[in-house]
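> As input, take my_file-v8.pdb (PDB, C-alpha atoms and all ligand atoms):
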```
ATOM      1  CA  MET A   1     103.593  96.877 124.499
ATOM      2  CA  VAL A   2     105.866  98.223 121.760
ATOM      3  CA  GLU A   3     105.722 101.507 119.925
ATOM      4  CA  VAL A   4     105.552 101.409 116.127
ATOM      5  CA  ARG A   5     106.243 104.597 114.215
ATOM      6  CA  GLU A   6     105.951 105.309 110.518
ATOM      7  CA  GLY A   7     106.581 108.942 109.710
ATOM      8  CA  LYS A   8     104.357 110.879 112.073
ATOM      9  CA  LYS A   9     101.991 107.975 112.678
ATOM     10  CA  ILE A  10     102.594 106.252 116.004
ATOM     11  CA  ARG A  11     100.858 103.094 117.178
ATOM     12  CA  LYS A  12     101.124 101.107 120.374
ATOM     13  CA  VAL A  13     100.917  97.372 119.832
ATOM     14  CA  MET A  14     100.585  94.513 122.279
ATOM     15  CA  VAL A  15     103.135  91.766 121.735
ATOM     16  CA  LYS A  16     103.139  88.186 122.882
ATOM     17  CA  SER A  17     106.350  86.745 124.205
ATOM     18  CA  ARG A  18     108.760  85.674 121.487
ATOM     19  CA  SER A  19     107.008  87.826 118.895
ATOM     20  CA  THR A  20     109.278  88.999 116.099
ATOM     21  CA  ILE A  21     109.279  92.134 113.981
ATOM     22  CA  ASN A  22     107.844  90.024 111.187
ATOM     23  CA  ASP A  23     104.829  89.184 113.331
ATOM     24  CA  ILE A  24     104.189  92.845 114.032
ATOM     25  CA  LEU A  25     104.605  93.814 110.384
ATOM     26  CA  ARG A  26     102.130  91.162 109.346
ATOM     27  CA  GLU A  27      99.679  92.208 112.021
ATOM     28  CA  LEU A  28      99.833  95.825 110.910
ATOM     29  CA  GLY A  29      99.494  94.944 107.232
ATOM     30  CA  TYR A  30     103.018  95.778 106.049
ATOM     31  CA  ASN A  31     104.774  93.683 103.436
ATOM     32  CA  ARG A  32     108.317  93.033 104.634
ATOM     33  CA  GLU A  33     109.557  93.481 101.085
ATOM     34  CA  GLU A  34     108.493  97.102 101.107
ATOM     35  CA  VAL A  35     109.865  98.327 104.398
ATOM     36  CA  VAL A  36     113.070  98.588 106.375
ATOM     37  CA  VAL A  37     112.794  98.469 110.142
ATOM     38  CA  ARG A  38     114.800 100.195 112.828
ATOM     39  CA  LEU A  39     114.575  98.646 116.270
ATOM     40  CA  ASN A  40     115.488 101.136 118.967
ATOM     41  CA  GLY A  41     117.293 103.187 116.345
ATOM     42  CA  LYS A  42     119.234 100.376 114.684
ATOM     43  CA  ILE A  43     118.447  98.697 111.374
ATOM     44  CA  VAL A  44     117.764  95.028 112.042
ATOM     45  CA  ALA A  45     116.534  91.876 110.341
ATOM     46  CA  GLU A  46     112.839  91.185 110.750
ATOM     47  CA  GLU A  47     113.531  87.890 112.516
ATOM     48  CA  GLU A  48     114.578  89.887 115.571
ATOM     49  CA  GLU A  49     112.500  89.169 118.679
ATOM     50  CA  LEU A  50     110.833  91.981 120.550
ATOM     51  CA  SER A  51     110.844  92.925 124.186
ATOM     52  CA  ARG A  52     108.436  95.069 126.092
ATOM     53  CA  GLY A  53     109.111  98.779 125.658
ATOM     54  CA  ASP A  54     110.892  98.445 122.311
ATOM     55  CA  SER A  55     110.370 101.112 119.759
ATOM     56  CA  ILE A  56     110.145 100.294 116.084
ATOM     57  CA  GLU A  57     110.470 102.647 113.145
ATOM     58  CA  VAL A  58     109.051 101.480 109.833
ATOM     59  CA  ILE A  59     110.542 103.076 106.730
ATOM     60  CA  ARG A  60     108.722 102.576 103.450
ATOM     61  CA  ILE A  61     111.262 102.026 100.691
ATOM     62  CA  VAL A  62     109.127 101.288  97.677
ATOM     63  CA  THR A  63     108.561 104.427  95.700
ATOM     64  CA  GLY A  64     108.905 103.668  92.029
ATOM     65  CA  GLY A  65     110.481 105.906  89.387
TER
ATOM     66  CA  MET B   1     131.576  94.685  83.286
ATOM     67  CA  ILE B   2     133.980  97.641  83.525
ATOM     68  CA  SER B   3     137.684  97.703  82.659
ATOM     69  CA  PRO B   4     140.386 100.131  83.833
ATOM     70  CA  GLY B   5     140.566 103.284  81.738
ATOM     71  CA  GLU B   6     136.889 103.290  80.854
ATOM     72  CA  ARG B   7     134.616 106.274  81.221
ATOM     73  CA  VAL B   8     131.347 105.193  82.787
ATOM     74  CA  ALA B   9     128.236 107.337  82.594
ATOM     75  CA  VAL B  10     125.827 106.643  85.427
ATOM     76  CA  ALA B  11     122.194 107.677  85.223
ATOM     77  CA  VAL B  12     121.329 109.448  88.461
ATOM     78  CA  SER B  13     117.784 110.487  89.286
ATOM     79  CA  GLY B  14     118.395 111.182  92.951
ATOM     80  CA  GLY B  15     116.431 108.157  94.145
ATOM     81  CA  LYS B  16     117.986 105.622  96.515
ATOM     82  CA  ASP B  17     119.024 103.184  93.800
ATOM     83  CA  SER B  18     120.817 105.610  91.523
ATOM     84  CA  VAL B  19     122.455 107.499  94.382
ATOM     85  CA  THR B  20     123.735 104.204  95.766
ATOM     86  CA  LEU B  21     125.054 103.163  92.361
ATOM     87  CA  LEU B  22     126.731 106.548  91.921
ATOM     88  CA  HIS B  23     128.646 106.216  95.177
ATOM     89  CA  LEU B  24     129.533 102.567  94.576
ATOM     90  CA  LEU B  25     130.872 103.268  91.085
ATOM     91  CA  ALA B  26     132.728 106.394  92.198
ATOM     92  CA  GLU B  27     134.448 104.409  94.954
ATOM     93  CA  LEU B  28     135.148 101.454  92.712
ATOM     94  CA  GLY B  29     136.452 103.794  90.025
ATOM     95  CA  GLU B  30     139.040 105.165  92.439
ATOM     96  CA  MET B  31     140.304 101.676  93.119
ATOM     97  CA  LYS B  32     140.017 100.192  89.653
ATOM     98  CA  LYS B  33     140.992 103.307  87.725
ATOM     99  CA  PHE B  34     137.965 104.159  85.676
ATOM    100  CA  GLU B  35     136.183 107.488  85.346
ATOM    101  CA  VAL B  36     132.616 108.227  86.373
ATOM    102  CA  VAL B  37     130.342 110.912  84.986
ATOM    103  CA  ALA B  38     126.750 111.413  86.136
ATOM    104  CA  ILE B  39     123.824 112.056  83.801
ATOM    105  CA  SER B  40     120.402 113.206  84.986
ATOM    106  CA  ILE B  41     117.354 113.321  82.783
ATOM    107  CA  ASP B  42     114.872 116.015  83.664
ATOM    108  CA  GLU B  43     111.611 114.833  82.125
ATOM    109  CA  GLY B  44     109.799 117.844  83.483
ATOM    110  CA  ILE B  45     107.597 116.317  86.168
ATOM    111  CA  ARG B  46     106.738 119.181  88.469
ATOM    112  CA  GLY B  47     107.136 118.709  92.179
ATOM    113  CA  TYR B  48     108.931 115.423  91.647
ATOM    114  CA  ARG B  49     111.861 115.438  89.261
ATOM    115  CA  ASP B  50     112.940 118.979  90.055
ATOM    116  CA  ARG B  51     113.412 117.916  93.665
ATOM    117  CA  SER B  52     115.097 114.622  92.924
ATOM    118  CA  ILE B  53     117.614 116.228  90.566
ATOM    119  CA  ARG B  54     118.528 118.694  93.285
ATOM    120  CA  VAL B  55     119.342 115.710  95.510
ATOM    121  CA  ALA B  56     121.321 114.090  92.692
ATOM    122  CA  LYS B  57     123.413 117.255  92.327
ATOM    123  CA  GLU B  58     124.088 117.435  96.063
ATOM    124  CA  ASN B  59     125.519 113.947  95.820
ATOM    125  CA  THR B  60     127.733 114.537  92.794
ATOM    126  CA  ASN B  61     128.933 117.849  94.249
ATOM    127  CA  SER B  62     129.838 116.229  97.534
ATOM    128  CA  ILE B  63     132.150 113.729  95.847
ATOM    129  CA  GLY B  64     133.299 115.902  92.977
ATOM    130  CA  ILE B  65     131.813 113.992  90.062
ATOM    131  CA  GLU B  66     131.119 115.632  86.694
ATOM    132  CA  HIS B  67     127.371 115.942  86.154
ATOM    133  CA  VAL B  68     125.333 116.731  83.046
ATOM    134  CA  THR B  69     121.566 117.128  82.777
ATOM    135  CA  GLY B  70     119.343 116.617  79.755
ATOM    136  CA  GLU B  71     115.904 118.190  79.794
ATOM    137  CA  PHE B  72     112.967 116.892  77.787
ATOM    138  CA  GLU B  73     111.971 120.492  77.206
ATOM    139  CA  ARG B  74     115.302 121.402  75.658
ATOM    140  CA  TYR B  75     115.684 118.275  73.521
ATOM    141  CA  PHE B  76     112.077 117.458  72.648
ATOM    142  CA  GLY B  77     110.469 120.882  72.849
ATOM    143  CA  GLU B  78     108.136 119.938  75.678
ATOM    144  CA  THR B  79     108.165 118.617  79.236
ATOM    145  CA  LEU B  80     106.545 115.272  80.065
ATOM    146  CA  ASP B  81     103.837 117.183  81.952
ATOM    147  CA  GLY B  82     103.290 119.214  78.801
ATOM    148  CA  MET B  83     103.131 116.107  76.607
ATOM    149  CA  VAL B  84     100.498 114.603  78.877
ATOM    150  CA  ARG B  85      98.417 117.785  78.647
ATOM    151  CA  LEU B  86      98.872 117.893  74.884
ATOM    152  CA  ALA B  87      97.751 114.288  74.500
ATOM    153  CA  LYS B  88      94.697 114.960  76.621
ATOM    154  CA  ARG B  89      93.738 117.872  74.417
ATOM    155  CA  LYS B  90      94.152 115.679  71.331
ATOM    156  CA  LYS B  91      92.144 112.937  73.029
ATOM    157  CA  MET B  92      95.000 110.491  72.521
ATOM    158  CA  SER B  93      95.528 107.698  74.983
ATOM    159  CA  LEU B  94      99.006 108.340  76.274
ATOM    160  CA  TYR B  95     100.739 106.237  78.869
ATOM    161  CA  PRO B  96     103.203 108.657  80.421
ATOM    162  CA  CYS B  97     105.501 105.745  81.308
ATOM    163  CA  THR B  98     105.793 104.705  77.653
ATOM    164  CA  TYR B  99     106.785 108.193  76.541
ATOM    165  CA  CYS B 100     109.000 108.737  79.501
ATOM    166  CA  GLY B 101     110.718 105.367  79.082
ATOM    167  CA  VAL B 102     111.416 105.701  75.368
ATOM    168  CA  MET B 103     112.574 109.284  75.498
ATOM    169  CA  ARG B 104     114.630 108.902  78.632
ATOM    170  CA  ARG B 105     116.510 105.952  77.116
ATOM    171  CA  TYR B 106     117.039 107.926  73.925
ATOM    172  CA  LEU B 107     118.398 110.950  75.757
ATOM    173  CA  LEU B 108     120.549 108.922  78.125
ATOM    174  CA  ASN B 109     122.212 107.182  75.210
ATOM    175  CA  LYS B 110     122.707 110.438  73.313
ATOM    176  CA  LEU B 111     124.222 112.241  76.302
ATOM    177  CA  ALA B 112     126.365 109.266  77.304
ATOM    178  CA  ARG B 113     127.790 109.181  73.789
ATOM    179  CA  GLU B 114     128.328 112.934  73.779
ATOM    180  CA  VAL B 115     130.282 112.908  77.039
ATOM    181  CA  GLY B 116     132.460 110.152  75.599
ATOM    182  CA  ALA B 117     131.246 107.357  77.862
ATOM    183  CA  THR B 118     132.257 103.785  77.068
ATOM    184  CA  LYS B 119     129.478 102.329  79.265
ATOM    185  CA  LEU B 120     126.142 103.565  80.477
ATOM    186  CA  ALA B 121     125.178 102.291  83.930
ATOM    187  CA  THR B 122     121.598 102.378  85.167
ATOM    188  CA  ALA B 123     120.464 101.535  88.684
ATOM    189  CA  HIS B 124     117.721  99.026  87.927
ATOM    190  CA  ASN B 125     117.482  96.626  90.849
ATOM    191  CA  LEU B 126     116.102  93.078  90.959
ATOM    192  CA  ASP B 127     112.586  94.346  91.647
ATOM    193  CA  ASP B 128     112.672  96.739  88.681
ATOM    194  CA  GLU B 129     113.888  94.023  86.346
ATOM    195  CA  VAL B 130     111.333  91.440  87.404
ATOM    196  CA  GLN B 131     108.519  93.981  87.237
ATOM    197  CA  ALA B 132     109.567  94.839  83.687
ATOM    198  CA  ILE B 133     109.698  91.157  82.739
ATOM    199  CA  MET B 134     106.183  90.573  84.067
ATOM    200  CA  LEU B 135     104.792  93.722  82.496
ATOM    201  CA  ASN B 136     106.123  92.854  79.060
ATOM    202  CA  TYR B 137     104.906  89.286  79.399
ATOM    203  CA  ILE B 138     101.427  90.559  80.155
ATOM    204  CA  ARG B 139     101.544  92.993  77.254
ATOM    205  CA  GLY B 140     103.039  90.366  74.987
ATOM    206  CA  ASP B 141     105.826  92.753  74.068
ATOM    207  CA  LEU B 142     108.474  90.373  72.772
ATOM    208  CA  SER B 143     110.735  93.009  71.323
ATOM    209  CA  ARG B 144     110.837  94.883  74.611
ATOM    210  CA  LEU B 145     111.494  91.609  76.421
ATOM    211  CA  GLN B 146     114.376  90.862  74.139
ATOM    212  CA  ARG B 147     115.929  94.254  74.797
ATOM    213  CA  LEU B 148     115.582  93.890  78.547
ATOM    214  CA  GLY B 149     118.650  93.374  80.590
ATOM    215  CA  PRO B 150     122.190  94.542  80.113
ATOM    216  CA  VAL B 151     123.698  95.002  76.676
ATOM    217  CA  TYR B 152     127.349  94.218  76.769
ATOM    218  CA  PHE B 153     128.064  94.247  73.064
ATOM    219  CA  SER B 154     128.301  97.537  71.251
ATOM    220  CA  ARG B 155     126.519  98.709  68.170
ATOM    221  CA  GLU B 156     127.259 101.838  66.281
ATOM    222  CA  GLY B 157     125.826 104.861  68.053
ATOM    223  CA  PHE B 158     124.705 102.918  71.118
ATOM    224  CA  VAL B 159     126.658 103.061  74.349
ATOM    225  CA  PRO B 160     126.681  99.566  75.925
ATOM    226  CA  ARG B 161     124.398  99.473  78.959
ATOM    227  CA  ILE B 162     125.234  97.845  82.247
ATOM    228  CA  LYS B 163     122.966  97.243  85.225
ATOM    229  CA  PRO B 164     125.217  96.465  88.151
ATOM    230  CA  LEU B 165     122.333  96.209  90.657
ATOM    231  CA  ARG B 166     120.015  93.983  88.673
ATOM    232  CA  GLU B 167     120.429  91.016  91.001
ATOM    233  CA  ILE B 168     120.136  93.068  94.192
ATOM    234  CA  PRO B 169     116.670  93.272  95.770
ATOM    235  CA  GLU B 170     115.302  96.771  96.190
ATOM    236  CA  LYS B 171     115.146  96.250  99.911
ATOM    237  CA  GLU B 172     118.849  95.487 100.167
ATOM    238  CA  VAL B 173     119.729  98.585  98.191
ATOM    239  CA  ALA B 174     117.549 100.590 100.575
ATOM    240  CA  VAL B 175     119.193  99.098 103.652
ATOM    241  CA  TYR B 176     122.626  99.895 102.234
ATOM    242  CA  ALA B 177     121.640 103.480 101.374
ATOM    243  CA  LEU B 178     120.256 103.957 104.887
ATOM    244  CA  LEU B 179     123.317 102.488 106.549
ATOM    245  CA  ARG B 180     125.632 104.685 104.499
ATOM    246  CA  LYS B 181     123.341 107.663 105.228
ATOM    247  CA  PHE B 182     123.242 108.717 101.588
ATOM    248  CA  LYS B 183     121.136 111.724 100.784
ATOM    249  CA  VAL B 184     118.278 110.384  98.671
ATOM    250  CA  HIS B 185     114.970 111.597  97.334
ATOM    251  CA  LEU B 186     112.228 109.242  98.503
ATOM    252  CA  ALA B 187     109.018 110.006  96.685
ATOM    253  CA  LYS B 188     106.672 108.380  94.280
ATOM    254  CA  CYS B 189     106.472 109.436  90.654
ATOM    255  CA  PRO B 190     102.996 110.950  90.206
ATOM    256  CA  TYR B 191     102.579 108.982  86.970
ATOM    257  CA  ALA B 192     103.383 105.570  88.483
ATOM    258  CA  THR B 193      99.955 104.018  88.757
ATOM    259  CA  GLY B 194      97.802 101.261  87.373
ATOM    260  CA  ILE B 195      99.224  97.953  86.323
ATOM    261  CA  HIS B 196     102.784  98.810  87.413
ATOM    262  CA  THR B 197     101.745  99.093  91.027
ATOM    263  CA  GLU B 198      99.605  95.970  90.811
ATOM    264  CA  ILE B 199     102.486  93.921  89.439
ATOM    265  CA  ARG B 200     104.784  95.238  92.149
ATOM    266  CA  ASP B 201     102.307  94.399  94.893
ATOM    267  CA  PHE B 202     101.734  90.955  93.425
ATOM    268  CA  LEU B 203     105.467  90.226  93.265
ATOM    269  CA  ASN B 204     106.067  91.463  96.791
ATOM    270  CA  GLY B 205     103.241  89.285  98.091
ATOM    271  CA  LEU B 206     104.674  86.315  96.245
ATOM    272  CA  GLU B 207     108.174  86.983  97.556
ATOM    273  CA  ALA B 208     106.984  87.345 101.151
ATOM    274  CA  ARG B 209     105.267  83.950 101.005
ATOM    275  CA  HIS B 210     107.784  82.258  98.704
ATOM    276  CA  PRO B 211     111.223  83.746  99.216
ATOM    277  CA  ASN B 212     113.544  83.839  96.194
ATOM    278  CA  SER B 213     110.704  84.030  93.671
ATOM    279  CA  LYS B 214     111.931  87.286  92.181
ATOM    280  CA  PHE B 215     115.444  86.045  91.697
ATOM    281  CA  MET B 216     114.226  82.848  90.034
ATOM    282  CA  ILE B 217     112.004  84.800  87.651
ATOM    283  CA  LEU B 218     115.041  86.826  86.606
ATOM    284  CA  ARG B 219     117.304  83.802  86.295
ATOM    285  CA  THR B 220     114.781  81.853  84.250
ATOM    286  CA  PHE B 221     114.122  84.821  82.020
ATOM    287  CA  ASP B 222     117.843  85.281  81.408
ATOM    288  CA  SER B 223     118.339  81.680  80.408
ATOM    289  CA  VAL B 224     115.284  81.661  78.147
ATOM    290  CA  LYS B 225     116.490  84.872  76.587
ATOM    291  CA  ALA B 226     119.962  83.504  75.994
ATOM    292  CA  ARG B 227     118.442  80.641  74.043
ATOM    293  CA  LEU B 228     116.051  82.764  72.017
ATOM    294  CA  SER B 229     118.002  85.808  71.054
ATOM    295  CA  LEU B 230     120.920  84.197  69.268
ATOM    296  CA  HIS B 231     120.371  86.219  66.128
ATOM    297  CA  SER B 232     118.660  89.289  67.462
ATOM    298  CA  GLU B 233     121.900  90.915  68.494
ATOM    299  CA  GLU B 234     122.863  91.393  64.925
ATOM    300  CA  PHE B 235     120.031  93.621  63.822
ATOM    301  CA  GLU B 236     121.027  96.347  61.481
ATOM    302  CA  THR B 237     121.617  99.822  62.851
ATOM    303  CA  ARG B 238     120.478 102.769  60.817
ATOM    304  CA  SER B 239     120.273 106.493  61.417
ATOM    305  CA  CYS B 240     116.893 107.993  62.182
ATOM    306  CA  LYS B 241     115.726 109.977  59.147
ATOM    307  CA  ILE B 242     114.583 112.776  61.395
ATOM    308  CA  CYS B 243     117.093 113.160  64.211
ATOM    309  CA  GLY B 244     120.037 111.051  63.064
ATOM    310  CA  GLU B 245     120.195 108.968  66.233
ATOM    311  CA  PRO B 246     120.796 105.231  65.835
ATOM    312  CA  THR B 247     117.708 103.063  65.411
ATOM    313  CA  SER B 248     116.633  99.728  63.962
ATOM    314  CA  SER B 249     114.025 101.255  61.655
ATOM    315  CA  ASP B 250     113.713 104.346  59.468
ATOM    316  CA  VAL B 251     112.446 106.614  62.196
ATOM    317  CA  CYS B 252     113.411 106.171  65.847
ATOM    318  CA  LYS B 253     110.781 105.480  68.520
ATOM    319  CA  SER B 254     111.292 108.867  70.099
ATOM    320  CA  CYS B 255     110.635 110.748  66.860
ATOM    321  CA  LYS B 256     107.637 108.520  66.184
ATOM    322  CA  LEU B 257     106.093 109.450  69.531
ATOM    323  CA  LEU B 258     106.964 113.120  69.123
ATOM    324  CA  GLY B 259     105.350 113.038  65.677
ATOM    325  CA  GLU B 260     102.129 111.672  67.115
ATOM    326  CA  LEU B 261     102.062 114.591  69.524
ATOM    327  CA  GLY B 262     102.786 117.084  66.760
ATOM    328  CA  LEU B 263     106.046 118.058  68.416
ATOM    329  CA  LEU B 264     108.481 117.381  65.602
ATOM    330  CA  ARG B 265     110.326 120.491  64.693
ATOM    331  CA  PRO B 266     110.602 121.025  60.944
TER
HETATM  332 ZN    ZN C   1     114.758 110.191  65.687
END
```
Just give me the structure as structure tokens.


Amino acid sequence: MVEVREGKKIRKVMVKSRSTINDILRELGYNREEVVVRLNGKIVAEEEELSRGDSIEVIRIVTGG
Amino acid sequence: MISPGERVAVAVSGGKDSVTLLHLLAELGEMKKFEVVAISIDEGIRGYRDRSIRVAKENTNSIGIEHVTGEFERYFGETLDGMVRLAKRKKMSLYPCTYCGVMRRYLLNKLAREVGATKLATAHNLDDEVQAIMLNYIRGDLSRLQRLGPVYFSREGFVPRIKPLREIPEKEVAVYALLRKFKVHLAKCPYATGIHTEIRDFLNGLEARHPNSKFMILRTFDSVKARLSLHSEEFETRSCKICGEPTSSDVCKSCKLLGELGLLRP
């Protein structure tokens, strides 16, 4: 289980072993082009693998204007 | 792109791209000995631009950069919100982005010239550029396509434009801004809807499945443009009959749009 937070919205997601942030983003319907991800507080590349208990923060960057 | 001794005006809205560009240019200017002055355009979009300009000012204050603001209301007699209302009353079809784009460019150039800038830097990133390419392709707007991209040569009355971030993906700019902990205004312009958003979503889907697509679209466009626009750089510059600003026709685009809205002051 990992915790995924975007703003005030928090979701708990089951992860398989060797799942990456990319997998989670895809599963939750995010486009990786439009978000930056913090893993346990640190900005990381989406190729990063996840471990149980990780917490992910998704920051939407695409605003326009 | 910039030489020592220049005075570079940078357009700062307060968003992540322009705030990042402001800091990068200010730091580079220290090292390479050029001056930086910030220009903000206040189109008059309530609840959006007022906030973002406040953020822009916090940034320029914090690093001691000169900052001027040009308001649509002061220069054109009406805010963008007001123009949209006016057009609705006149039952005109007005795309806020068209008005905003034309008039913002006009005012940026005017203010950059007035503060004595030798270059005008805008923070368009790779995503912005490719979206604009696609949009103008779809609309068949060749003249807009030809004017897209940086303008390094100078024409009378026009401050040469540079786009230092045009090959940097939006996401990378965002990561950098987050890492540097810049104060930025992250919000969506209330007028950004319709085809713009669809093109952006399409491009981001394409990029996710086929990495490097955006960059290749830009590269290809640049090389096509270089082959097509051999003579277009030499178009004649005249003064607008109404406002005196430089233009390629009798009346500048800004005055034309203002005329349609009945906002031209006698
Ligand atoms: Zn004019």

> Find the residues near Leu228 in chain B: any atom within 12 Å, counting all atoms listed in the file, skip ones fewer than 6 places away on the same chain, and give them as a PDB file with C-alpha atoms, keeping the file's coordinate frame.


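Produced file selection01.pdb, reproduced below:
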```
ATOM      1  CA  LEU B 142     108.474  90.373  72.772  1.00  0.00           C
ATOM      2  CA  SER B 143     110.735  93.009  71.323  1.00  0.00           C
ATOM      3  CA  LEU B 145     111.494  91.609  76.421  1.00  0.00           C
ATOM      4  CA  GLN B 146     114.376  90.862  74.139  1.00  0.00           C
ATOM      5  CA  ARG B 147     115.929  94.254  74.797  1.00  0.00           C
ATOM      6  CA  PHE B 221     114.122  84.821  82.020  1.00  0.00           C
ATOM      7  CA  ASP B 222     117.843  85.281  81.408  1.00  0.00           C
TER       8      ASP B 222
END
```

> With all atoms listed in the file counted, collect every polymer residue having an atom within 8 Å of ligand ZN 1 (chain C); state the result as a ChimeraX atom specification.

/B:239-247,251-256

> Grab the CA of His210 in chain B to CA of Glu33 in chain A distance for me, in Å with one decimal place.

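Computing the Euclidean distance for CA of His210 in chain B and CA of Glu33 in chain A yields 11.6 Å.
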
> Provide as a count of residues only the residues of chain B at most 6 Å from chain A, counting all atoms listed in the file.

4

> Which residues fall under the PyMOL selection byres (((chain A and resi 28) around 12) and not hetatm) in this file, as a PyMOL selection string?

chain A and resi 4-6+10-14+21-27+29-32+58

> Name the residues that the PyMOL selection byres (((chain B and resi 44-52) around 7) and not hetatm) pulls out of this structure, and write them as a PDB file with C-alpha atoms, in the coordinates of the input.


```pdb
ATOM      1  CA  SER B  13     117.784 110.487  89.286  1.00  0.00           C
ATOM      2  CA  GLY B  14     118.395 111.182  92.951  1.00  0.00           C
ATOM      3  CA  GLY B  15     116.431 108.157  94.145  1.00  0.00           C
ATOM      4  CA  ASP B  42     114.872 116.015  83.664  1.00  0.00           C
ATOM      5  CA  GLU B  43     111.611 114.833  82.125  1.00  0.00           C
ATOM      6  CA  ILE B  53     117.614 116.228  90.566  1.00  0.00           C
ATOM      7  CA  ARG B  54     118.528 118.694  93.285  1.00  0.00           C
ATOM      8  CA  VAL B  55     119.342 115.710  95.510  1.00  0.00           C
ATOM      9  CA  ALA B  56     121.321 114.090  92.692  1.00  0.00           C
ATOM     10  CA  PHE B  72     112.967 116.892  77.787  1.00  0.00           C
ATOM     11  CA  THR B  79     108.165 118.617  79.236  1.00  0.00           C
ATOM     12  CA  LEU B  80     106.545 115.272  80.065  1.00  0.00           C
ATOM     13  CA  ASP B  81     103.837 117.183  81.952  1.00  0.00           C
ATOM     14  CA  HIS B 185     114.970 111.597  97.334  1.00  0.00           C
ATOM     15  CA  CYS B 189     106.472 109.436  90.654  1.00  0.00           C
TER      16      CYS B 189
END
```

> Where's the centre, and what are the edge lengths in Å to one decimal, of a box along x, y and z enclosing all listed atoms of range 87-91 of chain B padded 8 Å per side, as JSON?


```
{"center_x": 94.9, "center_y": 115.4, "center_z": 74.0, "size_x": 21.6, "size_y": 20.9, "size_z": 21.3}
```

> Quick one: residues within 10 Å of Ser51 in chain A, only C-alpha atoms counted, chain neighbours fewer than 2 positions away excluded, as a VMD selection string?

chain A and resid 1 to 2 15 to 20 48 to 49 53 to 55

> I'd like to see the residues matched by the PyMOL selection byres (((chain B and resi 132-140) around 9) and not hetatm) on this file, and ideally I'd get them as a VMD selection string.

chain B and resid 127 to 131 141 to 145 148 195 to 196 199 217 to 218 221

> Would you put the residues from that selection into a file with C-alpha atoms, as a PDB file, keeping the file's coordinate frame?


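File written: out-v4.pdb
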```pdb
ATOM      1  CA  ASP B 127     112.586  94.346  91.647  1.00  0.00           C
ATOM      2  CA  ASP B 128     112.672  96.739  88.681  1.00  0.00           C
ATOM      3  CA  GLU B 129     113.888  94.023  86.346  1.00  0.00           C
ATOM      4  CA  VAL B 130     111.333  91.440  87.404  1.00  0.00           C
ATOM      5  CA  GLN B 131     108.519  93.981  87.237  1.00  0.00           C
ATOM      6  CA  ASP B 141     105.826  92.753  74.068  1.00  0.00           C
ATOM      7  CA  LEU B 142     108.474  90.373  72.772  1.00  0.00           C
ATOM      8  CA  SER B 143     110.735  93.009  71.323  1.00  0.00           C
ATOM      9  CA  ARG B 144     110.837  94.883  74.611  1.00  0.00           C
ATOM     10  CA  LEU B 145     111.494  91.609  76.421  1.00  0.00           C
ATOM     11  CA  LEU B 148     115.582  93.890  78.547  1.00  0.00           C
ATOM     12  CA  ILE B 195      99.224  97.953  86.323  1.00  0.00           C
ATOM     13  CA  HIS B 196     102.784  98.810  87.413  1.00  0.00           C
ATOM     14  CA  ILE B 199     102.486  93.921  89.439  1.00  0.00           C
ATOM     15  CA  ILE B 217     112.004  84.800  87.651  1.00  0.00           C
ATOM     16  CA  LEU B 218     115.041  86.826  86.606  1.00  0.00           C
ATOM     17  CA  PHE B 221     114.122  84.821  82.020  1.00  0.00           C
TER      18      PHE B 221
END
```
